[in-house]
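Enquirer: Contents are compact mmCIF, C-alpha atoms; file name data03.txt:
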# COMPACT_ATOMS: atom_id res chain seq x y z
CA MET A 1 108.38 79.37 122.39
CA SER A 2 108.09 83.06 121.60
CA SER A 3 109.04 86.28 123.28
CA ASP A 4 106.58 88.98 124.32
CA ARG A 5 109.36 91.54 124.58
CA PRO A 6 110.02 93.84 121.58
CA GLU A 7 113.48 93.18 120.20
CA SER A 8 115.62 94.33 117.33
CA LEU A 9 115.33 92.36 114.11
CA ARG A 10 118.33 90.54 112.66
CA ARG A 11 120.30 92.33 109.91
CA GLU A 12 120.74 89.74 107.16
CA LEU A 13 120.04 91.48 103.83
CA GLY A 14 122.64 93.00 101.51
CA THR A 15 122.18 95.35 98.53
CA PHE A 16 121.39 92.54 96.11
CA ASP A 17 118.77 91.07 98.45
CA ALA A 18 117.19 94.50 98.98
CA VAL A 19 117.05 95.21 95.24
CA MET A 20 115.45 91.83 94.62
CA ILE A 21 112.80 92.44 97.27
CA GLY A 22 112.03 95.81 95.66
CA LEU A 23 111.83 94.25 92.20
CA GLY A 24 109.66 91.46 93.55
CA SER A 25 107.20 94.13 94.68
CA MET A 26 107.30 96.27 91.54
CA ILE A 27 107.74 93.79 88.70
CA GLY A 28 104.73 91.76 89.69
CA ALA A 29 101.06 91.57 88.94
CA GLY A 30 100.85 95.29 88.13
CA ILE A 31 102.34 94.88 84.67
CA PHE A 32 99.84 92.11 83.93
CA ALA A 33 96.82 94.08 85.16
CA ALA A 34 97.40 97.86 85.12
CA LEU A 35 97.88 98.51 81.39
CA ALA A 36 94.26 97.86 80.39
CA PRO A 37 92.59 100.20 82.92
CA ALA A 38 95.26 102.82 82.16
CA ALA A 39 94.36 102.56 78.47
CA GLN A 40 90.68 102.91 79.36
CA SER A 41 91.49 106.19 81.08
CA ALA A 42 93.95 107.67 78.61
CA GLY A 43 94.22 105.51 75.47
CA SER A 44 97.66 105.99 73.96
CA GLY A 45 98.18 108.65 76.59
CA LEU A 46 98.96 105.86 79.05
CA LEU A 47 102.56 106.26 77.89
CA ILE A 48 102.46 109.84 79.15
CA GLY A 49 100.83 108.59 82.33
CA LEU A 50 103.67 106.09 82.73
CA CYS A 51 106.17 108.95 82.54
CA VAL A 52 104.21 110.95 85.14
CA ALA A 53 104.05 107.92 87.44
CA ALA A 54 107.78 107.36 86.96
CA ILE A 55 108.62 110.96 87.87
CA ILE A 56 106.53 110.76 91.03
CA ALA A 57 108.02 107.38 91.86
CA TYR A 58 111.54 108.73 91.40
CA CYS A 59 110.86 111.65 93.73
CA ASN A 60 109.30 109.31 96.28
CA ALA A 61 112.19 106.87 95.96
CA THR A 62 114.79 109.59 96.44
CA SER A 63 113.01 111.05 99.46
CA SER A 64 112.51 107.59 100.94
CA ALA A 65 116.14 106.61 100.37
CA ARG A 66 117.51 109.73 102.09
CA LEU A 67 115.15 109.29 105.02
CA ALA A 68 115.88 105.56 105.32
CA ALA A 69 119.60 106.31 105.59
CA VAL A 70 118.91 108.61 108.55
CA TYR A 71 116.29 106.34 110.17
CA PRO A 72 117.15 102.71 109.34
CA ALA A 73 114.30 101.20 111.35
CA SER A 74 111.28 99.08 110.49
CA GLY A 75 108.23 101.12 109.55
CA GLY A 76 109.38 103.29 106.63
CA THR A 77 107.44 106.56 106.36
CA TYR A 78 105.65 105.79 109.61
CA VAL A 79 109.02 106.38 111.31
CA TYR A 80 110.05 109.29 109.06
CA GLY A 81 106.80 111.20 109.53
CA ARG A 82 106.86 110.68 113.28
CA GLU A 83 110.45 111.87 113.65
CA ARG A 84 110.34 114.80 111.20
CA LEU A 85 106.75 116.08 111.29
CA GLY A 86 105.31 114.84 114.55
CA ASP A 87 103.57 111.82 115.99
CA PHE A 88 100.27 112.37 114.14
CA TRP A 89 101.80 112.49 110.66
CA GLY A 90 103.82 109.36 111.29
CA TYR A 91 100.69 107.64 112.49
CA LEU A 92 98.71 108.82 109.43
CA ALA A 93 101.41 107.49 107.09
CA GLY A 94 101.55 104.17 108.93
CA TRP A 95 97.76 103.86 108.93
CA GLY A 96 97.59 104.66 105.22
CA PHE A 97 100.30 102.14 104.44
CA VAL A 98 98.81 99.33 106.48
CA VAL A 99 95.23 99.70 105.22
CA GLY A 100 96.25 100.52 101.64
CA LYS A 101 98.74 97.72 101.29
CA THR A 102 96.47 95.26 103.02
CA ALA A 103 93.96 95.97 100.24
CA SER A 104 96.79 95.60 97.73
CA CYS A 105 97.65 92.21 99.21
CA ALA A 106 94.07 91.12 98.59
CA ALA A 107 94.29 92.39 95.00
CA MET A 108 97.48 90.45 94.36
CA ALA A 109 95.99 87.31 95.90
CA LEU A 110 92.94 87.60 93.68
CA THR A 111 95.17 88.04 90.64
CA VAL A 112 96.78 84.72 91.50
CA GLY A 113 93.33 83.18 91.77
CA PHE A 114 91.92 84.53 88.51
CA TYR A 115 94.95 83.41 86.49
CA ALA A 116 95.42 80.06 88.18
CA TRP A 117 91.80 78.86 88.49
CA PRO A 118 89.16 81.46 87.53
CA ALA A 119 86.24 79.33 88.76
CA GLN A 120 87.72 79.17 92.27
CA ALA A 121 89.60 82.46 92.31
CA HIS A 122 88.75 83.43 95.89
CA THR A 123 89.63 80.00 97.27
CA VAL A 124 92.99 80.01 95.50
CA ALA A 125 93.61 83.55 96.71
CA VAL A 126 93.11 82.59 100.34
CA ALA A 127 95.35 79.54 99.93
CA ALA A 128 98.11 81.73 98.45
CA VAL A 129 97.93 84.15 101.40
CA VAL A 130 98.16 81.32 103.93
CA ALA A 131 101.13 79.73 102.15
CA LEU A 132 103.12 82.96 101.81
CA THR A 133 102.41 84.01 105.38
CA ALA A 134 103.93 80.69 106.47
CA ILE A 135 107.03 81.39 104.32
CA ASN A 136 107.47 84.86 105.83
CA TYR A 137 107.04 83.37 109.29
CA ALA A 138 109.97 81.05 108.60
CA GLY A 139 112.36 84.01 108.21
CA VAL A 140 113.13 87.00 106.01
CA GLN A 141 116.21 85.41 104.40
CA LYS A 142 114.07 82.56 103.06
CA SER A 143 111.65 85.15 101.68
CA ALA A 144 114.52 86.96 99.94
CA TRP A 145 115.70 83.78 98.25
CA LEU A 146 112.20 82.96 96.99
CA THR A 147 111.84 86.53 95.71
CA ARG A 148 115.03 86.13 93.64
CA VAL A 149 113.61 83.08 91.90
CA ILE A 150 110.28 84.82 91.23
CA VAL A 151 111.92 87.93 89.77
CA VAL A 152 114.03 85.86 87.37
CA ILE A 153 110.96 83.92 86.17
CA VAL A 154 108.86 87.05 85.63
CA LEU A 155 111.62 88.85 83.75
CA ALA A 156 112.04 85.81 81.49
CA VAL A 157 108.30 85.73 80.75
CA LEU A 158 108.19 89.46 79.96
CA ALA A 159 111.22 89.10 77.69
CA ALA A 160 109.49 86.24 75.85
CA ILE A 161 106.41 88.45 75.29
CA VAL A 162 108.50 91.35 73.99
CA PHE A 163 110.59 89.28 71.60
CA GLY A 164 107.58 87.23 70.51
CA ALA A 165 105.65 90.36 69.62
CA MET A 166 108.63 91.89 67.84
CA GLY A 167 108.96 88.74 65.76
CA THR A 168 105.44 89.07 64.35
CA GLY A 169 106.15 92.33 62.57
CA ARG A 170 102.82 93.71 63.83
CA ILE A 171 104.33 96.36 66.06
CA GLY A 172 103.69 99.79 64.62
CA ALA A 173 103.57 103.30 66.03
CA THR A 174 100.82 104.17 63.51
CA VAL A 175 98.21 102.66 65.85
CA LEU A 176 98.95 105.31 68.47
CA ASP A 177 96.45 108.15 68.64
CA PHE A 178 96.84 110.97 71.14
CA ALA A 179 94.02 113.08 69.71
CA ASP A 180 91.52 112.22 72.46
CA THR A 181 94.03 112.22 75.31
CA SER A 182 92.97 114.48 78.19
CA LEU A 183 94.90 115.75 81.19
CA ALA A 184 92.41 114.09 83.56
CA GLY A 185 92.78 110.79 81.73
CA VAL A 186 96.58 110.95 81.84
CA LEU A 187 96.57 111.70 85.59
CA GLN A 188 94.15 108.85 86.28
CA ALA A 189 96.31 106.51 84.20
CA ALA A 190 99.34 107.68 86.19
CA GLY A 191 97.55 106.77 89.41
CA LEU A 192 96.69 103.31 88.12
CA LEU A 193 100.21 102.70 86.85
CA PHE A 194 101.72 104.04 90.08
CA PHE A 195 100.04 101.10 91.79
CA ALA A 196 102.55 98.88 90.00
CA PHE A 197 105.57 101.09 90.84
CA ALA A 198 105.05 101.45 94.56
CA GLY A 199 107.01 98.39 95.69
CA TYR A 200 110.32 100.15 96.32
CA ALA A 201 109.01 101.22 99.75
CA ARG A 202 109.35 97.60 100.78
CA ILE A 203 113.10 98.15 100.94
CA ALA A 204 112.72 101.04 103.39
CA THR A 205 110.30 99.11 105.62
CA LEU A 206 113.02 96.46 106.04
CA GLY A 207 115.41 99.01 107.55
CA GLU A 208 116.17 96.92 110.63
CA GLU A 209 116.97 93.80 108.57
CA VAL A 210 119.44 95.36 106.09
CA ARG A 211 123.21 95.31 106.64
CA ASP A 212 124.82 98.77 106.66
CA PRO A 213 121.46 100.50 105.98
CA ALA A 214 122.94 104.00 105.57
CA ARG A 215 124.79 102.73 102.49
CA THR A 216 122.62 99.85 101.30
CA ILE A 217 119.15 101.44 101.25
CA PRO A 218 120.04 104.60 99.24
CA ARG A 219 121.70 102.36 96.65
CA ALA A 220 119.05 99.65 96.48
CA ILE A 221 115.97 101.85 96.03
CA PRO A 222 117.02 103.75 92.86
CA ILE A 223 118.54 100.62 91.33
CA ALA A 224 115.32 98.66 91.79
CA LEU A 225 113.22 101.56 90.50
CA ALA A 226 115.38 102.08 87.40
CA ILE A 227 115.19 98.40 86.45
CA ALA A 228 111.42 98.32 86.97
CA LEU A 229 110.92 101.50 84.91
CA ILE A 230 112.88 100.14 81.95
CA VAL A 231 110.94 96.87 82.01
CA TYR A 232 107.56 98.62 82.30
CA ALA A 233 108.32 101.08 79.51
CA VAL A 234 109.42 98.39 77.06
CA VAL A 235 106.45 96.13 77.80
CA ALA A 236 103.95 99.01 77.66
CA VAL A 237 105.21 100.19 74.27
CA VAL A 238 105.20 96.67 72.82
CA VAL A 239 101.70 95.82 74.09
CA LEU A 240 100.22 99.17 73.07
CA THR A 241 101.70 99.16 69.58
CA THR A 242 100.77 95.49 69.04
CA LEU A 243 97.16 95.60 70.20
CA GLY A 244 96.39 99.26 69.68
CA PRO A 245 94.80 101.48 72.35
CA THR A 246 91.20 100.39 71.67
CA ARG A 247 91.82 96.67 71.92
CA LEU A 248 94.15 97.15 74.88
CA ALA A 249 91.49 99.12 76.75
CA ALA A 250 88.95 96.33 76.22
CA SER A 251 91.32 93.53 77.20
CA ALA A 252 90.92 91.67 80.48
CA ALA A 253 94.41 90.17 80.12
CA PRO A 254 96.46 92.37 77.75
CA LEU A 255 99.70 90.42 77.96
CA LEU A 256 97.82 87.22 77.26
CA ASP A 257 96.16 88.84 74.21
CA THR A 258 99.57 90.00 73.04
CA ALA A 259 100.88 86.45 73.37
CA GLN A 260 97.96 85.13 71.29
CA VAL A 261 98.73 87.64 68.54
CA THR A 262 102.26 86.30 68.23
CA ASP A 263 101.04 82.85 67.11
CA VAL A 264 103.79 81.29 69.25
CA TRP A 265 101.94 78.22 70.57
CA TRP A 266 103.82 77.91 73.85
CA LEU A 267 103.70 81.58 74.82
CA GLU A 268 100.10 81.67 76.09
CA PRO A 269 100.54 79.06 78.87
CA VAL A 270 103.88 80.65 79.75
CA VAL A 271 102.17 84.02 80.22
CA ARG A 272 99.51 82.46 82.42
CA VAL A 273 102.14 80.88 84.63
CA GLY A 274 104.15 84.09 84.61
CA ALA A 275 101.16 86.11 85.81
CA VAL A 276 100.62 83.73 88.72
CA VAL A 277 104.29 83.83 89.65
CA ALA A 278 104.38 87.63 89.36
CA ALA A 279 101.34 88.10 91.57
CA THR A 280 102.79 85.63 94.06
CA GLY A 281 106.03 87.61 94.20
CA SER A 282 104.18 90.87 94.81
CA LEU A 283 102.02 89.27 97.47
CA LEU A 284 105.07 87.83 99.24
CA ALA A 285 106.82 91.20 99.49
CA LEU A 286 103.61 93.07 100.35
CA ILE A 287 102.82 90.82 103.31
CA LEU A 288 106.44 91.26 104.41
CA GLY A 289 106.21 95.07 104.30
CA VAL A 290 102.78 95.41 105.91
CA SER A 291 103.76 93.15 108.80
CA ARG A 292 106.91 95.24 109.46
CA THR A 293 104.95 98.49 109.59
CA THR A 294 102.35 96.83 111.84
CA PHE A 295 105.23 95.69 114.07
CA ALA A 296 106.67 99.22 114.26
CA MET A 297 103.30 100.82 115.05
CA ALA A 298 102.61 98.20 117.73
CA ARG A 299 106.03 98.84 119.24
CA ASP A 300 105.01 102.50 119.62
CA ARG A 301 101.55 101.46 120.92
CA HIS A 302 99.61 102.92 117.98
CA LEU A 303 98.41 99.35 117.52
CA PRO A 304 98.00 96.67 120.25
CA HIS A 305 101.40 96.24 121.87
CA VAL A 306 101.11 92.45 121.83
CA LEU A 307 101.86 92.61 118.07
CA ALA A 308 105.38 93.92 118.77
CA ALA A 309 106.77 90.48 119.68
CA VAL A 310 109.76 89.07 117.74
CA HIS A 311 110.15 85.32 117.35
CA PRO A 312 113.32 84.20 119.22
CA THR A 313 114.36 81.68 116.58
CA ASN A 314 113.22 83.09 113.23
CA ALA A 315 113.77 86.75 114.24
CA VAL A 316 110.53 87.89 112.58
CA PRO A 317 107.55 89.84 114.00
CA HIS A 318 105.47 86.66 114.02
CA ARG A 319 102.31 87.97 115.65
CA ALA A 320 102.09 90.90 113.25
CA GLU A 321 102.60 88.52 110.33
CA ILE A 322 99.84 86.18 111.51
CA LEU A 323 97.38 89.07 111.98
CA VAL A 324 98.16 90.53 108.55
CA GLY A 325 97.78 87.11 106.94
CA LEU A 326 94.41 86.61 108.64
CA VAL A 327 93.03 90.00 107.57
CA VAL A 328 94.25 89.62 103.99
CA SER A 329 92.71 86.13 103.81
CA ILE A 330 89.33 87.54 104.83
CA LEU A 331 89.56 90.33 102.24
CA ALA A 332 90.71 87.93 99.51
CA ALA A 333 87.63 85.81 100.17
CA THR A 334 85.21 88.73 99.95
CA VAL A 335 86.38 91.87 98.11
CA ASP A 336 86.25 93.03 94.48
CA LEU A 337 89.58 93.26 92.64
CA ARG A 338 89.09 96.72 91.06
CA GLY A 339 87.84 98.23 94.29
CA ALA A 340 90.85 96.91 96.17
CA ILE A 341 93.28 98.41 93.64
CA GLY A 342 91.65 101.86 93.62
CA PHE A 343 91.49 102.05 97.41
CA SER A 344 95.09 100.90 97.75
CA SER A 345 96.38 103.51 95.29
CA PHE A 346 94.74 106.38 97.16
CA ALA A 347 95.99 105.32 100.59
CA VAL A 348 99.55 104.65 99.41
CA LEU A 349 99.78 108.02 97.65
CA VAL A 350 98.91 109.65 100.99
CA TYR A 351 101.72 107.61 102.56
CA TYR A 352 104.23 108.92 100.02
CA ALA A 353 102.98 112.48 100.40
CA VAL A 354 104.04 112.29 104.06
CA ALA A 355 107.41 110.84 102.98
CA ASN A 356 108.10 113.81 100.70
CA ALA A 357 107.01 116.30 103.34
CA SER A 358 109.39 114.59 105.77
CA ALA A 359 112.29 114.71 103.30
CA TRP A 360 111.76 118.48 102.92
CA THR A 361 112.78 118.92 106.58
CA LEU A 362 116.15 117.15 106.24
CA SER A 363 119.25 119.29 106.64
CA PRO A 364 122.19 119.24 104.20
CA ALA A 365 124.22 117.33 106.80
CA GLU A 366 121.51 114.66 106.84
CA GLY A 367 121.71 114.19 103.06
CA ARG A 368 118.75 116.37 102.09
CA PRO A 369 117.76 115.85 98.43
CA PRO A 370 117.43 118.86 96.09
CA ARG A 371 114.39 120.85 97.21
CA ILE A 372 112.55 120.29 93.92
CA ILE A 373 112.37 116.52 94.51
CA PRO A 374 110.18 116.44 97.65
CA VAL A 375 108.10 119.33 96.25
CA LEU A 376 107.36 117.49 93.00
CA GLY A 377 106.79 114.27 94.89
CA LEU A 378 104.34 115.81 97.34
CA MET A 379 102.40 117.73 94.68
CA GLY A 380 102.34 114.73 92.38
CA CYS A 381 101.01 112.40 95.08
CA VAL A 382 98.20 114.80 95.98
CA VAL A 383 97.15 115.55 92.39
CA VAL A 384 97.24 111.95 91.19
CA ALA A 385 95.42 110.70 94.30
CA LEU A 386 92.56 113.16 93.70
CA ALA A 387 92.44 112.19 90.01
CA LEU A 388 91.57 108.57 90.86
CA PRO A 389 87.95 107.39 90.45
CA LEU A 390 85.58 109.15 92.84
CA SER A 391 84.64 105.91 94.61
CA SER A 392 88.29 105.26 95.44
CA VAL A 393 88.81 108.81 96.71
CA PHE A 394 85.68 108.61 98.86
CA ALA A 395 86.48 105.20 100.35
CA GLY A 396 90.10 106.15 101.01
CA THR A 397 89.11 109.42 102.67
CA CYS A 398 86.62 107.64 104.92
CA VAL A 399 89.12 105.01 106.09
CA LEU A 400 91.81 107.63 106.70
CA ALA A 401 89.27 109.66 108.68
CA LEU A 402 88.52 106.56 110.74
CA GLY A 403 92.22 106.29 111.52
CA VAL A 404 92.29 109.91 112.63
CA VAL A 405 89.37 109.26 114.99
CA VAL A 406 91.17 106.24 116.48
CA TYR A 407 94.29 108.34 116.97
CA ALA A 408 92.31 111.12 118.67
CA LEU A 409 90.62 108.67 121.04
CA ARG A 410 93.95 107.16 122.02
CA ARG A 411 95.38 110.63 122.66
CA ILE A 412 92.47 111.41 124.94
CA ASN A 413 93.07 108.20 126.87
CA GLY A 414 96.79 108.87 127.15
CA PRO A 415 98.66 112.06 126.19
CA ASP A 416 101.78 110.20 125.11
CA ILE A 417 100.80 106.89 123.55
CA ARG A 418 104.45 105.84 123.16
CA GLU A 419 105.18 105.85 126.86
Please express the file's structure as structure tokens.
Expert:
Amino acid sequence: MSSDRPESLRRELGTFDAVMIGLGSMIGAGIFAALAPAAQSAGSGLLIGLCVAAIIAYCNATSSARLAAVYPASGGTYVYGRERLGDFWGYLAGWGFVVGKTASCAAMALTVGFYAWPAQAHTVAVAAVVALTAINYAGVQKSAWLTRVIVVIVLAVLAAIVFGAMGTGRIGATVLDFADTSLAGVLQAAGLLFFAFAGYARIATLGEEVRDPARTIPRAIPIALAIALIVYAVVAVVVLTTLGPTRLAASAAPLLDTAQVTDVWWLEPVVRVGAVVAATGSLLALILGVSRTTFAMARDRHLPHVLAAVHPTNAVPHRAEILVGLVVSILAATVDLRGAIGFSSFAVLVYYAVANASAWTLSPAEGRPPRIIPVLGLMGCVVVALALPLSSVFAGTCVLALGVVVYALRRINGPDIRE
């Protein structure tokens, strides 16, 4: 049996669980896939792009953490924008998150497919989505435990790559060449690498399922981000200095190529398995976050209200999870991986721009961050989003415009769509 009445979700997650969910989103398929396209854009300048992405991510994380402490409810920036800037901006953030992260879910599913069974990548991708949707349906605590296991495995694989490469003696800073690095290339690389950083928002979207959210969320977000940044920086330096910028840019699987250079016979299959596990971890947390934002928007009638139901036994928004799983399965069976990543990056940067604008309005009594943080975050999101490939900017703009049209039509049909 299930309930049609919106209810509060059960608070089960502590700081450690929240950090693990954030790490499961960040330390995932991005590190296995984002380095090569970033090198194509900026060469050795991808290291500068990584720093730019980290600065933007820090500003976004700080703004999100302060807002989440004030508004510990499911929905993340959808809730913050609505409460601080007005109903439209909350809706725009929620729309951007749902459509952007749905595309990201498809990208992660396809990453699982291409590493696990390249000849049947789309079939494997759909199967992964169905399996993880079922796990999320069973309850958020079970998802948190699985995420812990995945994070440990991925960190072990990345450590093996780093130490294996260091043992070859082939690492050398002399291969780095910043002569042809351009500002446009660095900004585009930052946008591509930001795709891998963006998972900390998953902590904020679980606001109704975290114990003592005013204390837990502000602690969990920066901890998860700091750990992810250290891991990404070490791996990026090792891969870049081992392969060199030219070979890295041409690589379809840079960490796998790095493993082959080490001549450690067992490292290549370990990296393949690690990539599948990493993408699975990202996909698990992404489906979790998108379903919670869908639930929050349905509760406020921005989406069909029937999606706001909470399962009486598992205490999860089961209808929202089923819908998200269905849509992602369709995309995973049909879309192109690169297109999904570019579109997702643009939409999610819009989401974080609204988060920073919302944080600007906080008062000192509400824990307002230093003014420079939301300013840098907002400007960074806008600049990096516009620096992405033109096709991604165009597609993202069109889909966001579609969301605005839907919002306008609903306003015409009812002045207050939350009543």
Enquirer: If you count all atoms listed in the file, which residues fall within 12 Å of A:Ile230, apart from same-chain ones fewer than 4 positions away, as a PyMOL selection string?
Expert: chain A and resi 23+26-27+50-51+54+155+158-159+197+223-226+234-237
Enquirer: Could you name the residues that touch A:Val350 at 8 Å or less, counting all atoms listed in the file, but leaving out those on the same chain fewer than 2 positions away, as a PDB file with C-alpha atoms, keeping the file's coordinate frame?
Expert:
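Everything below was put into out_1.pdb:
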ATOM      1  CA  ALA A  93     101.410 107.490 107.090  1.00  0.00           C
ATOM      2  CA  GLY A  96      97.590 104.660 105.220  1.00  0.00           C
ATOM      3  CA  PHE A 346      94.740 106.380  97.160  1.00  0.00           C
ATOM      4  CA  ALA A 347      95.990 105.320 100.590  1.00  0.00           C
ATOM      5  CA  VAL A 348      99.550 104.650  99.410  1.00  0.00           C
ATOM      6  CA  TYR A 352     104.230 108.920 100.020  1.00  0.00           C
ATOM      7  CA  ALA A 353     102.980 112.480 100.400  1.00  0.00           C
ATOM      8  CA  VAL A 354     104.040 112.290 104.060  1.00  0.00           C
ATOM      9  CA  CYS A 381     101.010 112.400  95.080  1.00  0.00           C
ATOM     10  CA  VAL A 382      98.200 114.800  95.980  1.00  0.00           C
ATOM     11  CA  ALA A 385      95.420 110.700  94.300  1.00  0.00           C
TER      12      ALA A 385
END
Enquirer: Counting all atoms listed in the file, which residues of stretch 236-328 of chain A fall within 8 Å of stretch 31-35 of chain A, and what is the closest atom pair for each with its distance in Å at one decimal, ordered by chain and rising number, as a Markdown table?
Expert:
| residue | atom | partner | partner_atom | distance |
| --- | --- | --- | --- | --- |
| A:Ala236 | CA | A:Leu35 | CA | 7.1 |
| A:Leu248 | CA | A:Leu35 | CA | 7.6 |
| A:Ala249 | CA | A:Leu35 | CA | 7.9 |
| A:Ala252 | CA | A:Ala33 | CA | 7.9 |
| A:Ala253 | CA | A:Ala33 | CA | 6.8 |
| A:Pro254 | CA | A:Phe32 | CA | 7.0 |
| A:Leu255 | CA | A:Phe32 | CA | 6.2 |
| A:Ala275 | CA | A:Phe32 | CA | 6.4 |
Enquirer: List the neighbours of A:His305 out to 10 Å using only C-alpha atoms; skip same-chain residues closer than 2 positions along the sequence, and give me the result as a VMD selection string.
Expert: chain A and resid 4 to 6 295 to 303 307 to 309
Enquirer: Using all atoms listed in the file, which residue out of A:Pro317, A:Gly281, A:Gly339, A:Pro218 lies closest to A:Ala65?
Expert: A:Pro218
Enquirer: Interatomic distance between atom CA of A:Val151 and atom CA of A:Thr334?
Expert: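 Interatomic distance here is 28.6 Å.
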Enquirer: Out of A:Ala134, A:Val154, A:Leu13, A:Leu400, which residue has the shortest atom-to-atom distance to A:Ala228 when counting all atoms listed in the file?
Expert: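 Comparing A:Ala134, A:Val154, A:Leu13, A:Leu400 against A:Ala228, the winner is A:Val154.
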Enquirer: Using atom CA of A:Ala69 and atom CA of A:Glu366 as the two end points, give the distance in Å to one decimal.
Expert: 8.7 Å
Enquirer: Find, counting only C-alpha atoms, the residue in A:Gly342, A:Gly289, A:Gly367, A:Gly43 that gets nearest to A:Tyr71.
Expert: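 Looking only at the distances to A:Tyr71, the closest residue turns out to be A:Gly367.
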Enquirer: Can you measure atom CA of A:Val327 to atom CA of A:Gly30 for me? One decimal in Å is fine.
Expert: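 So the answer is 21.6 Å.
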Enquirer: Find the residues near A:Val152: any atom within 12 Å, counting all atoms listed in the file, skip ones fewer than 4 places away on the same chain, and give them as a PDB file with C-alpha atoms, keeping the file's coordinate frame.
Expert:
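Result file out-v9.pdb:
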ATOM      1  CA  MET A  20     115.450  91.830  94.620  1.00  0.00           C
ATOM      2  CA  ILE A  21     112.800  92.440  97.270  1.00  0.00           C
ATOM      3  CA  LEU A  23     111.830  94.250  92.200  1.00  0.00           C
ATOM      4  CA  GLY A  24     109.660  91.460  93.550  1.00  0.00           C
ATOM      5  CA  ILE A  27     107.740  93.790  88.700  1.00  0.00           C
ATOM      6  CA  GLY A  28     104.730  91.760  89.690  1.00  0.00           C
ATOM      7  CA  TRP A 145     115.700  83.780  98.250  1.00  0.00           C
ATOM      8  CA  LEU A 146     112.200  82.960  96.990  1.00  0.00           C
ATOM      9  CA  THR A 147     111.840  86.530  95.710  1.00  0.00           C
ATOM     10  CA  ARG A 148     115.030  86.130  93.640  1.00  0.00           C
ATOM     11  CA  ALA A 156     112.040  85.810  81.490  1.00  0.00           C
ATOM     12  CA  VAL A 157     108.300  85.730  80.750  1.00  0.00           C
ATOM     13  CA  LEU A 158     108.190  89.460  79.960  1.00  0.00           C
ATOM     14  CA  ALA A 159     111.220  89.100  77.690  1.00  0.00           C
ATOM     15  CA  GLY A 274     104.150  84.090  84.610  1.00  0.00           C
ATOM     16  CA  VAL A 277     104.290  83.830  89.650  1.00  0.00           C
ATOM     17  CA  ALA A 278     104.380  87.630  89.360  1.00  0.00           C
ATOM     18  CA  GLY A 281     106.030  87.610  94.200  1.00  0.00           C
TER      19      GLY A 281
END
Enquirer: Of the residues A:Val310, A:Leu92, A:Leu286, A:Ala107, which is the one nearest to A:Val404, using all atoms listed in the file?
Expert: A:Leu92
Enquirer: Can you work out which one of A:Leu284, A:Ala73, A:Val406, A:Ala233 has the shortest atom-to-atom distance to A:Ala53, counting all atoms listed in the file?
Expert: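 For A:Ala53, the nearest of the candidates is A:Ala233.
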Enquirer: Measuring between all atoms listed in the file, which one of A:Val383, A:Leu85, A:Leu388, A:Val52 shows the shortest distance to A:Ala359?
Expert: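 Among the listed residues, A:Leu85 lies closest to A:Ala359.
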Enquirer: Could you give me, as a list in words, the residues that sit within 6 Å of (104.1, 89.3, 105.6) in the file's coordinates, counting all atoms listed in the file?
Expert: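 The residues near that point, listed by chain and number, are Thr133, Asn136, Ile287, Leu288, Ser291 and Glu321 of chain A.
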Enquirer: Show which residues sit within 12 Å of A:His122, as a PyMOL selection string. Count all atoms listed in the file, and ignore same-chain residues fewer than 4 positions away.
Expert: chain A and resi 106-118+126-129+328-337
Enquirer: Provide stretch 36-42 of chain A rebuilt to N, CA, C and O atoms, formatted as an mmCIF file, keeping the file's coordinate frame.
Expert:
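Here's the written file selection.cif:
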data_model
loop_
_atom_site.group_PDB
_atom_site.id
_atom_site.type_symbol
_atom_site.label_atom_id
_atom_site.label_comp_id
_atom_site.auth_asym_id
_atom_site.auth_seq_id
_atom_site.Cartn_x
_atom_site.Cartn_y
_atom_site.Cartn_z
ATOM 1 N N ALA A 36 95.609 97.742 80.972
ATOM 2 C CA ALA A 36 94.260 97.860 80.390
ATOM 3 C C ALA A 36 93.455 98.995 81.016
ATOM 4 O O ALA A 36 92.917 99.850 80.299
ATOM 5 N N PRO A 37 93.319 99.068 82.353
ATOM 6 C CA PRO A 37 92.590 100.200 82.920
ATOM 7 C C PRO A 37 93.243 101.539 82.634
ATOM 8 O O PRO A 37 92.557 102.549 82.493
ATOM 9 N N ALA A 38 94.583 101.569 82.521
ATOM 10 C CA ALA A 38 95.260 102.820 82.160
ATOM 11 C C ALA A 38 94.887 103.232 80.743
ATOM 12 O O ALA A 38 94.683 104.421 80.458
ATOM 13 N N ALA A 39 94.775 102.260 79.849
ATOM 14 C CA ALA A 39 94.360 102.560 78.470
ATOM 15 C C ALA A 39 92.904 103.008 78.424
ATOM 16 O O ALA A 39 92.530 103.851 77.602
ATOM 17 N N GLN A 40 92.064 102.459 79.285
ATOM 18 C CA GLN A 40 90.680 102.910 79.360
ATOM 19 C C GLN A 40 90.594 104.374 79.765
ATOM 20 O O GLN A 40 89.726 105.109 79.300
ATOM 21 N N SER A 41 91.496 104.812 80.606
ATOM 22 C CA SER A 41 91.490 106.190 81.080
ATOM 23 C C SER A 41 92.108 107.160 80.088
ATOM 24 O O SER A 41 91.631 108.278 79.937
ATOM 25 N N ALA A 42 93.180 106.724 79.415
ATOM 26 C CA ALA A 42 93.950 107.670 78.610
ATOM 27 C C ALA A 42 94.265 107.211 77.202
ATOM 28 O O ALA A 42 94.886 107.969 76.449
#
